[in-house]
Amino acid sequence: MVEKPTLKLVLQFSVRSVSQLVKAIVVAKIHNQYQVLYRHHERDNPLKERKSLVKSQKTIDQVRGIEGLAAREYFACWPRMVGKQWTFTGRNRRPPTDPVNSLLSFAYGLLRVQVTAAVHVAGLDPYIGYLHEVHHGQPAMVLDLMEEFRALISDNVVLAVLHKHEIQPDDFNESLGAYRLKDTARKTFLQAFERKMNDEFKHPVFEYRCTYRRAIELQARLLGRHLQEGIPYKALALR
């Protein structure tokens, strides 16, 4: 049996091609963030304008700047969305200094596992990225592909467990200012994340219903086709 060759990302892409790829990822990320805010009645926000600004940026660093600004504005809306019983003053990590940030970090870690598996299935090199700068030991490609799914999967799971009261403030251990889910609550969150991964929606490119788990693999394969064949990459943006 002939082994299927893996896709090695050693191809040399033009600055323009890389810029278009990065813009597609960031536009989708901001679009999905806006949809989260919209569904939770946070409609007075500048994310639509940030999304439009991305397309006119000349360099990848400028695109990263817009992405960072949009992220700060996005999370600035979170205190109202999570409710009065939760303290949230902005995104922080390493370590997360409040329960909401602890849940976000946990959810992003779970998402990273899913995306890493899809990247390997698609034959992509996880250590060659475009939006994220390549640092030793950091899977830049995985981090790139995660961006369009952070709001769609991880953020929505966090908001869902808080609104449904599946996770309570006393479900966390605190040590030296860092918060971590207790084991029982961790199982509850894992179940909620798994339910989200199995939710179905109509994929806007393939036009058939698929789960979020399948969508991650589809996006990895689309990214592989873009890198190998030059087919424009369509990042996943949902209404």
# chains A, B, ... in the order shown; residues from 1 in each chain; ligands from 1

$ select_by_dssp --residues "range 28-181 of chain A" --states "alpha helix (DSSP H)" --output "MDAnalysis selection string"
chainID A and resid 28:39 47:54 60:76 78:82 99:121 140:149 156:163

$ residues_around --residues "Asp170 in chain A" --least-positions-apart "4" --cutoff "10 Å" --atoms "only C-alpha atoms" --output "short mmCIF file (atom, residue, chain, number, x, y, z; two decimals) with C-alpha atoms, in the first residue's frame"
data_model
loop_
_atom_site.label_atom_id
_atom_site.label_comp_id
_atom_site.auth_asym_id
_atom_site.auth_seq_id
_atom_site.Cartn_x
_atom_site.Cartn_y
_atom_site.Cartn_z
CA PRO A 99 -13.00 32.16 37.12
CA GLU A 174 -7.89 29.60 44.03
CA LEU A 181 -11.81 24.37 38.01
CA LYS A 182 -12.45 21.66 40.57
CA ALA A 185 -16.87 20.97 37.54
#

$ closest_residue --among "A:Phe201, A:Asp183, A:Leu21, A:Ala160" --to "Gly224 in chain A" --atoms "only C-alpha atoms"
A:Leu21

$ residues_around --residues "range 57-63 of chain A" --least-positions-apart "6" --cutoff "10 Å" --atoms "only C-alpha atoms" --output "PyMOL selection string"
chain A and resi 15-16+18-23+26-27+50+69+130-132

$ write_last_selection --atoms "N, CA and C atoms" --output "compact mmCIF listing (two decimals), in the first residue's frame"
# COMPACT_ATOMS: atom_id res chain seq x y z
N VAL A 15 4.38 37.63 -0.57
CA VAL A 15 3.89 38.44 0.54
C VAL A 15 2.40 38.70 0.39
N ARG A 16 1.97 38.90 -0.85
CA ARG A 16 0.55 39.16 -1.11
C ARG A 16 -0.31 37.97 -0.72
N VAL A 18 0.34 35.57 1.46
CA VAL A 18 0.32 35.44 2.92
C VAL A 18 -0.59 36.49 3.52
N SER A 19 -0.50 37.72 3.03
CA SER A 19 -1.35 38.80 3.53
C SER A 19 -2.82 38.48 3.34
N GLN A 20 -3.19 37.94 2.18
CA GLN A 20 -4.58 37.59 1.92
C GLN A 20 -5.06 36.49 2.86
N LEU A 21 -4.21 35.52 3.13
CA LEU A 21 -4.55 34.44 4.05
C LEU A 21 -4.77 34.98 5.46
N VAL A 22 -3.85 35.80 5.93
CA VAL A 22 -3.95 36.37 7.27
C VAL A 22 -5.20 37.23 7.39
N LYS A 23 -5.47 38.02 6.38
CA LYS A 23 -6.67 38.87 6.40
C LYS A 23 -7.94 38.02 6.45
N VAL A 26 -8.37 36.73 10.05
CA VAL A 26 -8.72 37.77 11.01
C VAL A 26 -10.12 38.32 10.76
N VAL A 27 -10.49 38.49 9.49
CA VAL A 27 -11.85 38.94 9.18
C VAL A 27 -12.88 37.96 9.73
N ARG A 50 -14.01 47.41 12.67
CA ARG A 50 -12.68 46.78 12.72
C ARG A 50 -12.55 45.73 11.62
N LEU A 69 -6.83 45.03 18.71
CA LEU A 69 -7.78 46.07 19.12
C LEU A 69 -9.19 45.51 19.19
N TYR A 130 1.37 31.83 9.82
CA TYR A 130 1.37 33.07 9.04
C TYR A 130 0.85 34.25 9.85
N LEU A 131 -0.26 34.07 10.52
CA LEU A 131 -0.75 35.12 11.41
C LEU A 131 0.11 35.19 12.67
N HIS A 132 0.39 34.03 13.24
CA HIS A 132 1.22 33.97 14.44
C HIS A 132 2.69 33.83 14.05

$ select_by_dssp --residues "range 193-226 of chain A" --states "strand (DSSP E or B)" --output "MDAnalysis selection string"
chainID A and resid 200:202 209:211

$ write_last_selection --atoms "N, CA and C atoms" --output "short mmCIF file (atom, residue, chain, number, x, y, z; two decimals), in the first residue's frame"
data_model
loop_
_atom_site.label_atom_id
_atom_site.label_comp_id
_atom_site.auth_asym_id
_atom_site.auth_seq_id
_atom_site.Cartn_x
_atom_site.Cartn_y
_atom_site.Cartn_z
N GLU A 200 -24.48 20.66 15.03
CA GLU A 200 -24.42 20.70 13.56
C GLU A 200 -24.85 22.07 13.03
N PHE A 201 -24.31 22.42 11.89
CA PHE A 201 -24.70 23.63 11.19
C PHE A 201 -24.41 23.41 9.70
N LYS A 202 -24.94 24.28 8.86
CA LYS A 202 -24.69 24.18 7.43
C LYS A 202 -23.39 24.88 7.09
N ARG A 209 -24.66 19.91 6.07
CA ARG A 209 -24.58 20.01 7.52
C ARG A 209 -23.40 19.20 8.04
N CYS A 210 -22.73 19.76 9.02
CA CYS A 210 -21.60 19.07 9.63
C CYS A 210 -21.47 19.52 11.08
N THR A 211 -20.76 18.75 11.86
CA THR A 211 -20.49 19.13 13.25
C THR A 211 -19.32 20.10 13.29
#

$ closest_residue --among "A:Phe88, A:His135, A:His40, A:Gln33" --to "Ala70 in chain A" --atoms "only C-alpha atoms"
A:Gln33

$ atom_distance --atom1 "CA of Leu53 in chain A" --atom2 "CA of Glu73 in chain A"
14.4 Å

$ closest_residue --among "A:Gly177, A:Pro126, A:Pro232, A:Pro169" --to "Lys84 in chain A" --atoms "only C-alpha atoms"
A:Pro169

$ atom_distance --atom1 "CA of Gln168 in chain A" --atom2 "CA of Phe75 in chain A"
20.5 Å

$ closest_residue --among "A:Asp171, A:Glu148, A:Glu133, A:Glu42" --to "Leu103 in chain A" --atoms "only C-alpha atoms"
A:Asp171

$ residues_around --residues "Pro96 in chain A" --least-positions-apart "3" --cutoff "12 Å" --atoms "only C-alpha atoms" --output "list in words"
Phe88, Thr89, Gly90, Arg91, Asn92, Arg93, Pro99, Val100, Asn101, Ser102, Leu103, Leu104, Ser105, Phe106, Phe172, Asn173, Glu174, Ser175, Leu176, Gly177, Ala178, Tyr179, Arg180 and Leu181 of chain A

$ write_last_selection --atoms "N, CA and C atoms" --output "compact mmCIF listing (two decimals), in the first residue's frame"
# COMPACT_ATOMS: atom_id res chain seq x y z
N PHE A 88 -15.14 39.93 35.87
CA PHE A 88 -14.34 39.84 34.64
C PHE A 88 -13.97 41.25 34.21
N THR A 89 -12.68 41.54 34.22
CA THR A 89 -12.21 42.89 33.87
C THR A 89 -11.39 42.91 32.59
N GLY A 90 -11.35 41.79 31.89
CA GLY A 90 -10.57 41.71 30.66
C GLY A 90 -9.87 40.37 30.58
N ARG A 91 -9.42 40.04 29.39
CA ARG A 91 -8.78 38.75 29.16
C ARG A 91 -7.39 38.73 29.78
N ASN A 92 -7.11 37.71 30.58
CA ASN A 92 -5.77 37.48 31.11
C ASN A 92 -5.52 35.99 31.22
N ARG A 93 -4.26 35.61 31.31
CA ARG A 93 -3.87 34.19 31.31
C ARG A 93 -2.50 34.06 31.97
N PRO A 99 -12.37 33.39 37.64
CA PRO A 99 -13.00 32.16 37.12
C PRO A 99 -13.35 32.21 35.63
N VAL A 100 -13.81 33.33 35.13
CA VAL A 100 -14.18 33.40 33.72
C VAL A 100 -12.96 33.20 32.83
N ASN A 101 -11.86 33.85 33.18
CA ASN A 101 -10.63 33.65 32.42
C ASN A 101 -10.12 32.22 32.54
N SER A 102 -10.35 31.61 33.68
CA SER A 102 -9.97 30.20 33.84
C SER A 102 -10.74 29.32 32.87
N LEU A 103 -12.04 29.59 32.72
CA LEU A 103 -12.86 28.83 31.79
C LEU A 103 -12.42 29.08 30.34
N LEU A 104 -12.13 30.33 30.02
CA LEU A 104 -11.69 30.64 28.66
C LEU A 104 -10.38 29.91 28.33
N SER A 105 -9.43 29.94 29.26
CA SER A 105 -8.16 29.27 29.02
C SER A 105 -8.35 27.76 28.86
N PHE A 106 -9.22 27.19 29.68
CA PHE A 106 -9.50 25.76 29.58
C PHE A 106 -10.15 25.44 28.23
N PHE A 172 -14.48 26.55 41.74
CA PHE A 172 -13.08 26.84 41.44
C PHE A 172 -12.23 26.78 42.70
N ASN A 173 -11.01 26.37 42.50
CA ASN A 173 -9.98 26.49 43.53
C ASN A 173 -9.12 27.71 43.20
N GLU A 174 -8.74 28.44 44.23
CA GLU A 174 -7.89 29.60 44.03
C GLU A 174 -6.59 29.42 44.81
N SER A 175 -5.47 29.65 44.15
CA SER A 175 -4.16 29.53 44.79
C SER A 175 -3.24 30.61 44.24
N LEU A 176 -2.76 31.46 45.13
CA LEU A 176 -1.83 32.54 44.75
C LEU A 176 -2.40 33.40 43.62
N GLY A 177 -3.70 33.64 43.67
CA GLY A 177 -4.34 34.50 42.69
C GLY A 177 -4.74 33.83 41.40
N ALA A 178 -4.46 32.54 41.27
CA ALA A 178 -4.80 31.80 40.05
C ALA A 178 -6.01 30.91 40.33
N TYR A 179 -6.91 30.83 39.35
CA TYR A 179 -8.13 30.05 39.50
C TYR A 179 -8.10 28.82 38.60
N ARG A 180 -8.63 27.72 39.17
CA ARG A 180 -8.66 26.46 38.44
C ARG A 180 -9.95 25.73 38.79
N LEU A 181 -10.58 25.12 37.78
CA LEU A 181 -11.81 24.37 38.01
C LEU A 181 -11.56 23.15 38.90
